[in-house]
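Reading through the structure tokens given below for one structure.
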Amino acid sequence: MGFLTVSLLLFVLGVMFFLDRALLVMGNLSFLIGLCLLIGIKSTLSFFLKKGKIKGSIIFFLGFFIIIFFRLSIIGFPLQIYGLFQMFKSFLPFLYDSATKLPIIGRYLRNPQLKKMVDEVSAKGPSV
């Protein structure tokens with residue numbers, strides 16, 4: 001869990017420092033190491049190679065390689081964010097349901113139109 005926290009911190013710092021390449025690369029590496037340590041190498045590989053997540057994985061790693069080899073953080077980082085969204089979009093309904101149970105903002109989130117939008121985005125996602 002520590003590597004995942006460090007990766008989030010490095011991503012935030014990388015964005016704050018105008019897409020600093022070194023911070024983004026360290027954030028990516030700590031994200032991958034943290035995921036491997038949290039769920040194991042075999043589960044990590046199967047997660048990235050699942051049929052429904054392969055598109056997001058390819059886009060995520062394409063952004064990673066663009067940042068490393070071409071030094072184009074302005075292109076690579078948005079690709080990574082889009083790839084992560086594609087990989088974790090099936091998690092959105094669970095996140096929405098959990099957020100609606102929060103004491104203060106939960107009543108504002110219990111909106112049928114918002115629920116419909118979350119369900120539509122998690123089902124198909126934005127088209128490329």
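Identifiers for the structure tokens are assigned positionally: chains receive A, B, ... in sequence, residues are indexed from 1 per chain, and ligands are indexed from 1 in the order shown.
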
Problem set entry | Selection near segment 50-64 of chain A, 8 Å with only C-alpha atoms, sequence-local residues under 6 positions removed, as a count of residues only | 15

Secondary structure check, helix (DSSP H, G or I) residues of segment 23-109 of chain A, as a JSON list (two decimals) with N, CA, C and O atoms, in the first residue's frame:
[["chain", "number", "residue", "atom", "x", "y", "z"],
["A", 23, "LEU", "N", 9.41, 12.77, -12.17],
["A", 23, "LEU", "CA", 8.40, 12.45, -11.15],
["A", 23, "LEU", "C", 7.33, 11.52, -11.71],
["A", 23, "LEU", "O", 6.87, 10.60, -11.02],
["A", 24, "LEU", "N", 6.93, 11.74, -12.95],
["A", 24, "LEU", "CA", 5.92, 10.86, -13.57],
["A", 24, "LEU", "C", 6.45, 9.45, -13.76],
["A", 24, "LEU", "O", 5.74, 8.47, -13.52],
["A", 25, "VAL", "N", 7.70, 9.31, -14.17],
["A", 25, "VAL", "CA", 8.29, 7.98, -14.35],
["A", 25, "VAL", "C", 8.41, 7.27, -13.00],
["A", 25, "VAL", "O", 8.07, 6.09, -12.88],
["A", 26, "MET", "N", 8.87, 7.99, -11.98],
["A", 26, "MET", "CA", 8.95, 7.37, -10.65],
["A", 26, "MET", "C", 7.56, 7.00, -10.13],
["A", 26, "MET", "O", 7.39, 5.96, -9.48],
["A", 27, "GLY", "N", 6.56, 7.83, -10.43],
["A", 27, "GLY", "CA", 5.19, 7.50, -10.04],
["A", 27, "GLY", "C", 4.69, 6.26, -10.74],
["A", 27, "GLY", "O", 4.03, 5.40, -10.13],
["A", 28, "ASN", "N", 5.00, 6.13, -12.03],
["A", 28, "ASN", "CA", 4.59, 4.94, -12.77],
["A", 28, "ASN", "C", 5.25, 3.68, -12.22],
["A", 28, "ASN", "O", 4.58, 2.65, -12.03],
["A", 29, "LEU", "N", 6.54, 3.76, -11.99],
["A", 29, "LEU", "CA", 7.25, 2.59, -11.48],
["A", 29, "LEU", "C", 6.76, 2.20, -10.09],
["A", 29, "LEU", "O", 6.57, 1.01, -9.81],
["A", 30, "SER", "N", 6.53, 3.17, -9.23],
["A", 30, "SER", "CA", 6.04, 2.83, -7.90],
["A", 30, "SER", "C", 4.61, 2.31, -7.95],
["A", 30, "SER", "O", 4.23, 1.45, -7.15],
["A", 31, "PHE", "N", 3.80, 2.77, -8.92],
["A", 31, "PHE", "CA", 2.45, 2.22, -9.09],
["A", 31, "PHE", "C", 2.52, 0.75, -9.48],
["A", 31, "PHE", "O", 1.83, -0.09, -8.91],
["A", 32, "LEU", "N", 3.38, 0.43, -10.44],
["A", 32, "LEU", "CA", 3.50, -0.97, -10.89],
["A", 32, "LEU", "C", 4.08, -1.86, -9.79],
["A", 32, "LEU", "O", 3.60, -2.98, -9.57],
["A", 33, "ILE", "N", 5.09, -1.37, -9.08],
["A", 33, "ILE", "CA", 5.67, -2.14, -7.99],
["A", 33, "ILE", "C", 4.65, -2.34, -6.87],
["A", 33, "ILE", "O", 4.49, -3.44, -6.33],
["A", 34, "GLY", "N", 3.93, -1.27, -6.53],
["A", 34, "GLY", "CA", 2.92, -1.37, -5.48],
["A", 34, "GLY", "C", 1.80, -2.33, -5.83],
["A", 34, "GLY", "O", 1.33, -3.10, -4.99],
["A", 35, "LEU", "N", 1.37, -2.32, -7.09],
["A", 35, "LEU", "CA", 0.32, -3.24, -7.52],
["A", 35, "LEU", "C", 0.82, -4.68, -7.46],
["A", 35, "LEU", "O", 0.09, -5.58, -7.00],
["A", 36, "CYS", "N", 2.07, -4.90, -7.86],
["A", 36, "CYS", "CA", 2.65, -6.25, -7.78],
["A", 36, "CYS", "C", 2.76, -6.72, -6.33],
["A", 36, "CYS", "O", 2.49, -7.88, -6.03],
["A", 37, "LEU", "N", 3.17, -5.83, -5.45],
["A", 37, "LEU", "CA", 3.29, -6.20, -4.03],
["A", 37, "LEU", "C", 1.93, -6.40, -3.38],
["A", 37, "LEU", "O", 1.79, -7.23, -2.47],
["A", 38, "LEU", "N", 0.94, -5.66, -3.82],
["A", 38, "LEU", "CA", -0.39, -5.76, -3.20],
["A", 38, "LEU", "C", -1.13, -7.02, -3.62],
["A", 38, "LEU", "O", -1.68, -7.73, -2.77],
["A", 39, "ILE", "N", -1.15, -7.31, -4.91],
["A", 39, "ILE", "CA", -1.94, -8.46, -5.37],
["A", 39, "ILE", "C", -1.09, -9.58, -5.97],
["A", 39, "ILE", "O", -1.63, -10.63, -6.33],
["A", 41, "ILE", "N", 2.46, -10.75, -8.58],
["A", 41, "ILE", "CA", 2.88, -10.56, -9.98],
["A", 41, "ILE", "C", 1.91, -11.24, -10.93],
["A", 41, "ILE", "O", 1.50, -10.67, -11.95],
["A", 42, "LYS", "N", 1.52, -12.48, -10.61],
["A", 42, "LYS", "CA", 0.63, -13.23, -11.50],
["A", 42, "LYS", "C", -0.73, -12.53, -11.62],
["A", 42, "LYS", "O", -1.27, -12.40, -12.73],
["A", 43, "SER", "N", -1.28, -12.07, -10.51],
["A", 43, "SER", "CA", -2.56, -11.37, -10.54],
["A", 43, "SER", "C", -2.46, -10.03, -11.26],
["A", 43, "SER", "O", -3.39, -9.61, -11.94],
["A", 44, "THR", "N", -1.31, -9.36, -11.10],
["A", 44, "THR", "CA", -1.11, -8.09, -11.79],
["A", 44, "THR", "C", -1.08, -8.30, -13.30],
["A", 44, "THR", "O", -1.73, -7.56, -14.05],
["A", 45, "LEU", "N", -0.34, -9.32, -13.73],
["A", 45, "LEU", "CA", -0.30, -9.61, -15.17],
["A", 45, "LEU", "C", -1.67, -10.00, -15.70],
["A", 45, "LEU", "O", -2.08, -9.57, -16.78],
["A", 46, "SER", "N", -2.39, -10.82, -14.95],
["A", 46, "SER", "CA", -3.72, -11.21, -15.42],
["A", 46, "SER", "C", -4.68, -10.01, -15.42],
["A", 46, "SER", "O", -5.57, -9.94, -16.26],
["A", 47, "PHE", "N", -4.49, -9.06, -14.49],
["A", 47, "PHE", "CA", -5.33, -7.86, -14.48],
["A", 47, "PHE", "C", -5.09, -7.04, -15.75],
["A", 47, "PHE", "O", -6.02, -6.62, -16.41],
["A", 48, "PHE", "N", -3.82, -6.81, -16.09],
["A", 48, "PHE", "CA", -3.50, -6.00, -17.26],
["A", 48, "PHE", "C", -3.84, -6.70, -18.56],
["A", 48, "PHE", "O", -4.06, -6.06, -19.58],
["A", 54, "ILE", "N", -7.60, -4.90, -21.81],
["A", 54, "ILE", "CA", -6.40, -4.87, -22.66],
["A", 54, "ILE", "C", -6.26, -3.53, -23.38],
["A", 54, "ILE", "O", -5.15, -3.02, -23.53],
["A", 55, "LYS", "N", -7.37, -2.93, -23.79],
["A", 55, "LYS", "CA", -7.32, -1.63, -24.47],
["A", 55, "LYS", "C", -6.73, -0.57, -23.54],
["A", 55, "LYS", "O", -5.83, 0.19, -23.91],
["A", 56, "GLY", "N", -7.22, -0.52, -22.31],
["A", 56, "GLY", "CA", -6.71, 0.43, -21.33],
["A", 56, "GLY", "C", -5.25, 0.17, -20.99],
["A", 56, "GLY", "O", -4.47, 1.10, -20.81],
["A", 57, "SER", "N", -4.87, -1.11, -20.91],
["A", 57, "SER", "CA", -3.48, -1.45, -20.61],
["A", 57, "SER", "C", -2.54, -0.99, -21.71],
["A", 57, "SER", "O", -1.47, -0.44, -21.44],
["A", 58, "ILE", "N", -2.96, -1.21, -22.95],
["A", 58, "ILE", "CA", -2.11, -0.79, -24.08],
["A", 58, "ILE", "C", -1.95, 0.73, -24.08],
["A", 58, "ILE", "O", -0.84, 1.24, -24.26],
["A", 59, "ILE", "N", -3.03, 1.45, -23.85],
["A", 59, "ILE", "CA", -2.96, 2.91, -23.84],
["A", 59, "ILE", "C", -2.12, 3.40, -22.67],
["A", 59, "ILE", "O", -1.31, 4.32, -22.82],
["A", 60, "PHE", "N", -2.27, 2.78, -21.50],
["A", 60, "PHE", "CA", -1.48, 3.16, -20.33],
["A", 60, "PHE", "C", 0.01, 2.97, -20.59],
["A", 60, "PHE", "O", 0.82, 3.87, -20.35],
["A", 61, "PHE", "N", 0.39, 1.79, -21.08],
["A", 61, "PHE", "CA", 1.81, 1.53, -21.32],
["A", 61, "PHE", "C", 2.36, 2.32, -22.50],
["A", 61, "PHE", "O", 3.54, 2.66, -22.52],
["A", 62, "LEU", "N", 1.52, 2.63, -23.47],
["A", 62, "LEU", "CA", 1.95, 3.50, -24.56],
["A", 62, "LEU", "C", 2.31, 4.88, -24.03],
["A", 62, "LEU", "O", 3.35, 5.44, -24.39],
["A", 63, "GLY", "N", 1.47, 5.42, -23.15],
["A", 63, "GLY", "CA", 1.78, 6.70, -22.51],
["A", 63, "GLY", "C", 3.05, 6.63, -21.68],
["A", 63, "GLY", "O", 3.86, 7.56, -21.68],
["A", 64, "PHE", "N", 3.24, 5.52, -20.98],
["A", 64, "PHE", "CA", 4.46, 5.32, -20.18],
["A", 64, "PHE", "C", 5.70, 5.35, -21.05],
["A", 64, "PHE", "O", 6.68, 6.03, -20.75],
["A", 65, "PHE", "N", 5.67, 4.65, -22.18],
["A", 65, "PHE", "CA", 6.83, 4.61, -23.08],
["A", 65, "PHE", "C", 7.05, 5.93, -23.79],
["A", 65, "PHE", "O", 8.19, 6.31, -24.06],
["A", 66, "ILE", "N", 5.98, 6.65, -24.07],
["A", 66, "ILE", "CA", 6.13, 7.97, -24.69],
["A", 66, "ILE", "C", 6.83, 8.92, -23.71],
["A", 66, "ILE", "O", 7.70, 9.70, -24.11],
["A", 67, "ILE", "N", 6.49, 8.83, -22.45],
["A", 67, "ILE", "CA", 7.15, 9.68, -21.45],
["A", 67, "ILE", "C", 8.63, 9.32, -21.32],
["A", 67, "ILE", "O", 9.50, 10.19, -21.27],
["A", 68, "ILE", "N", 8.93, 8.02, -21.29],
["A", 68, "ILE", "CA", 10.31, 7.60, -21.08],
["A", 68, "ILE", "C", 11.18, 7.84, -22.31],
["A", 68, "ILE", "O", 12.23, 8.46, -22.24],
["A", 69, "PHE", "N", 10.75, 7.32, -23.47],
["A", 69, "PHE", "CA", 11.64, 7.30, -24.63],
["A", 69, "PHE", "C", 11.57, 8.57, -25.48],
["A", 69, "PHE", "O", 12.57, 8.96, -26.08],
["A", 73, "SER", "N", 5.98, 14.35, -22.04],
["A", 73, "SER", "CA", 5.05, 14.18, -20.92],
["A", 73, "SER", "C", 3.68, 14.74, -21.24],
["A", 73, "SER", "O", 2.67, 14.23, -20.76],
["A", 74, "ILE", "N", 3.63, 15.77, -22.05],
["A", 74, "ILE", "CA", 2.36, 16.42, -22.37],
["A", 74, "ILE", "C", 1.45, 15.49, -23.18],
["A", 74, "ILE", "O", 0.23, 15.63, -23.16],
["A", 75, "ILE", "N", 2.02, 14.52, -23.86],
["A", 75, "ILE", "CA", 1.23, 13.54, -24.61],
["A", 75, "ILE", "C", 1.07, 12.25, -23.81],
["A", 75, "ILE", "O", -0.01, 11.66, -23.76],
["A", 76, "GLY", "N", 2.13, 11.81, -23.16],
["A", 76, "GLY", "CA", 2.12, 10.54, -22.45],
["A", 76, "GLY", "C", 1.22, 10.52, -21.23],
["A", 76, "GLY", "O", 0.53, 9.53, -20.97],
["A", 77, "PHE", "N", 1.22, 11.60, -20.46],
["A", 77, "PHE", "CA", 0.43, 11.61, -19.23],
["A", 77, "PHE", "C", -1.08, 11.53, -19.50],
["A", 77, "PHE", "O", -1.76, 10.74, -18.85],
["A", 78, "PRO", "N", -1.64, 12.32, -20.43],
["A", 78, "PRO", "CA", -3.07, 12.15, -20.71],
["A", 78, "PRO", "C", -3.41, 10.75, -21.24],
["A", 78, "PRO", "O", -4.47, 10.21, -20.92],
["A", 79, "LEU", "N", -2.50, 10.15, -22.00],
["A", 79, "LEU", "CA", -2.73, 8.78, -22.45],
["A", 79, "LEU", "C", -2.79, 7.82, -21.26],
["A", 79, "LEU", "O", -3.64, 6.92, -21.22],
["A", 80, "GLN", "N", -1.92, 8.02, -20.30],
["A", 80, "GLN", "CA", -1.93, 7.17, -19.12],
["A", 80, "GLN", "C", -3.22, 7.34, -18.31],
["A", 80, "GLN", "O", -3.79, 6.36, -17.85],
["A", 81, "ILE", "N", -3.66, 8.57, -18.15],
["A", 81, "ILE", "CA", -4.89, 8.82, -17.40],
["A", 81, "ILE", "C", -6.07, 8.15, -18.10],
["A", 81, "ILE", "O", -6.91, 7.52, -17.46],
["A", 82, "TYR", "N", -6.13, 8.29, -19.43],
["A", 82, "TYR", "CA", -7.21, 7.65, -20.18],
["A", 82, "TYR", "C", -7.13, 6.13, -20.07],
["A", 82, "TYR", "O", -8.15, 5.45, -19.92],
["A", 83, "GLY", "N", -5.92, 5.58, -20.13],
["A", 83, "GLY", "CA", -5.75, 4.13, -19.99],
["A", 83, "GLY", "C", -6.18, 3.65, -18.61],
["A", 83, "GLY", "O", -6.84, 2.61, -18.49],
["A", 84, "LEU", "N", -5.82, 4.39, -17.57],
["A", 84, "LEU", "CA", -6.26, 4.02, -16.22],
["A", 84, "LEU", "C", -7.77, 4.08, -16.09],
["A", 84, "LEU", "O", -8.39, 3.22, -15.46],
["A", 85, "PHE", "N", -8.38, 5.11, -16.71],
["A", 85, "PHE", "CA", -9.84, 5.20, -16.68],
["A", 85, "PHE", "C", -10.46, 3.99, -17.37],
["A", 85, "PHE", "O", -11.42, 3.42, -16.88],
["A", 86, "GLN", "N", -9.91, 3.59, -18.51],
["A", 86, "GLN", "CA", -10.43, 2.44, -19.23],
["A", 86, "GLN", "C", -10.30, 1.16, -18.41],
["A", 86, "GLN", "O", -11.18, 0.30, -18.46],
["A", 87, "MET", "N", -9.21, 1.04, -17.65],
["A", 87, "MET", "CA", -9.01, -0.17, -16.85],
["A", 87, "MET", "C", -9.91, -0.21, -15.63],
["A", 87, "MET", "O", -10.38, -1.27, -15.23],
["A", 88, "PHE", "N", -10.17, 0.94, -15.02],
["A", 88, "PHE", "CA", -10.91, 0.97, -13.76],
["A", 88, "PHE", "C", -12.34, 1.47, -13.89],
["A", 88, "PHE", "O", -13.01, 1.70, -12.88],
["A", 89, "LYS", "N", -12.86, 1.62, -15.10],
["A", 89, "LYS", "CA", -14.22, 2.15, -15.25],
["A", 89, "LYS", "C", -15.28, 1.19, -14.72],
["A", 89, "LYS", "O", -16.36, 1.63, -14.33],
["A", 90, "SER", "N", -14.99, -0.08, -14.66],
["A", 90, "SER", "CA", -15.96, -1.03, -14.09],
["A", 90, "SER", "C", -16.10, -0.84, -12.58],
["A", 90, "SER", "O", -17.06, -1.33, -11.98],
["A", 91, "PHE", "N", -15.18, -0.13, -11.97],
["A", 91, "PHE", "CA", -15.19, 0.14, -10.53],
["A", 91, "PHE", "C", -16.06, 1.36, -10.18],
["A", 91, "PHE", "O", -16.41, 1.57, -9.02],
["A", 92, "LEU", "N", -16.44, 2.15, -11.18],
["A", 92, "LEU", "CA", -17.19, 3.39, -10.94],
["A", 92, "LEU", "C", -18.53, 3.18, -10.22],
["A", 92, "LEU", "O", -18.85, 3.94, -9.31],
["A", 93, "PRO", "N", -19.36, 2.19, -10.58],
["A", 93, "PRO", "CA", -20.63, 2.02, -9.84],
["A", 93, "PRO", "C", -20.42, 1.75, -8.35],
["A", 93, "PRO", "O", -21.15, 2.27, -7.51],
["A", 94, "PHE", "N", -19.42, 0.94, -8.02],
["A", 94, "PHE", "CA", -19.12, 0.68, -6.61],
["A", 94, "PHE", "C", -18.68, 1.96, -5.91],
["A", 94, "PHE", "O", -19.11, 2.25, -4.78],
["A", 95, "LEU", "N", -17.83, 2.73, -6.55],
["A", 95, "LEU", "CA", -17.37, 4.00, -5.99],
["A", 95, "LEU", "C", -18.54, 4.97, -5.80],
["A", 95, "LEU", "O", -18.65, 5.64, -4.77],
["A", 96, "TYR", "N", -19.44, 5.02, -6.78],
["A", 96, "TYR", "CA", -20.61, 5.90, -6.69],
["A", 96, "TYR", "C", -21.51, 5.47, -5.54],
["A", 96, "TYR", "O", -21.97, 6.31, -4.76],
["A", 97, "ASP", "N", -21.78, 4.16, -5.44],
["A", 97, "ASP", "CA", -22.64, 3.68, -4.35],
["A", 97, "ASP", "C", -22.03, 3.97, -2.98],
["A", 97, "ASP", "O", -22.75, 4.33, -2.04],
["A", 98, "SER", "N", -20.72, 3.84, -2.87],
["A", 98, "SER", "CA", -20.06, 4.16, -1.60],
["A", 98, "SER", "C", -20.13, 5.65, -1.30],
["A", 98, "SER", "O", -20.32, 6.05, -0.15],
["A", 99, "ALA", "N", -19.98, 6.49, -2.32],
["A", 99, "ALA", "CA", -20.01, 7.93, -2.11],
["A", 99, "ALA", "C", -21.41, 8.42, -1.72],
["A", 99, "ALA", "O", -21.54, 9.40, -0.99],
["A", 100, "THR", "N", -22.45, 7.74, -2.20],
["A", 100, "THR", "CA", -23.81, 8.16, -1.83],
["A", 100, "THR", "C", -24.11, 7.88, -0.36],
["A", 100, "THR", "O", -25.06, 8.44, 0.19],
["A", 106, "GLY", "N", -23.57, 12.77, 0.40],
["A", 106, "GLY", "CA", -24.34, 11.64, -0.10],
["A", 106, "GLY", "C", -25.71, 12.02, -0.63],
["A", 106, "GLY", "O", -26.15, 11.53, -1.67],
["A", 107, "ARG", "N", -26.39, 12.92, 0.04],
["A", 107, "ARG", "CA", -27.74, 13.30, -0.40],
["A", 107, "ARG", "C", -27.72, 14.07, -1.72],
["A", 107, "ARG", "O", -28.67, 14.03, -2.48],
["A", 108, "TYR", "N", -26.61, 14.77, -1.99],
["A", 108, "TYR", "CA", -26.50, 15.48, -3.26],
["A", 108, "TYR", "C", -26.15, 14.53, -4.41],
["A", 108, "TYR", "O", -26.47, 14.81, -5.56],
["A", 109, "LEU", "N", -25.49, 13.44, -4.07],
["A", 109, "LEU", "CA", -25.11, 12.47, -5.10],
["A", 109, "LEU", "C", -26.23, 11.49, -5.44],
["A", 109, "LEU", "O", -26.15, 10.82, -6.47]]

Exercise. At what distance in Å, to one decimal, does atom CA of Phe17 of chain A lie from atom CA of Leu72 of chain A?
Worked result: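 Taking atom CA of Leu72 of chain A as the start and atom CA of Phe17 of chain A as the end point, the length is 14.5 Å.
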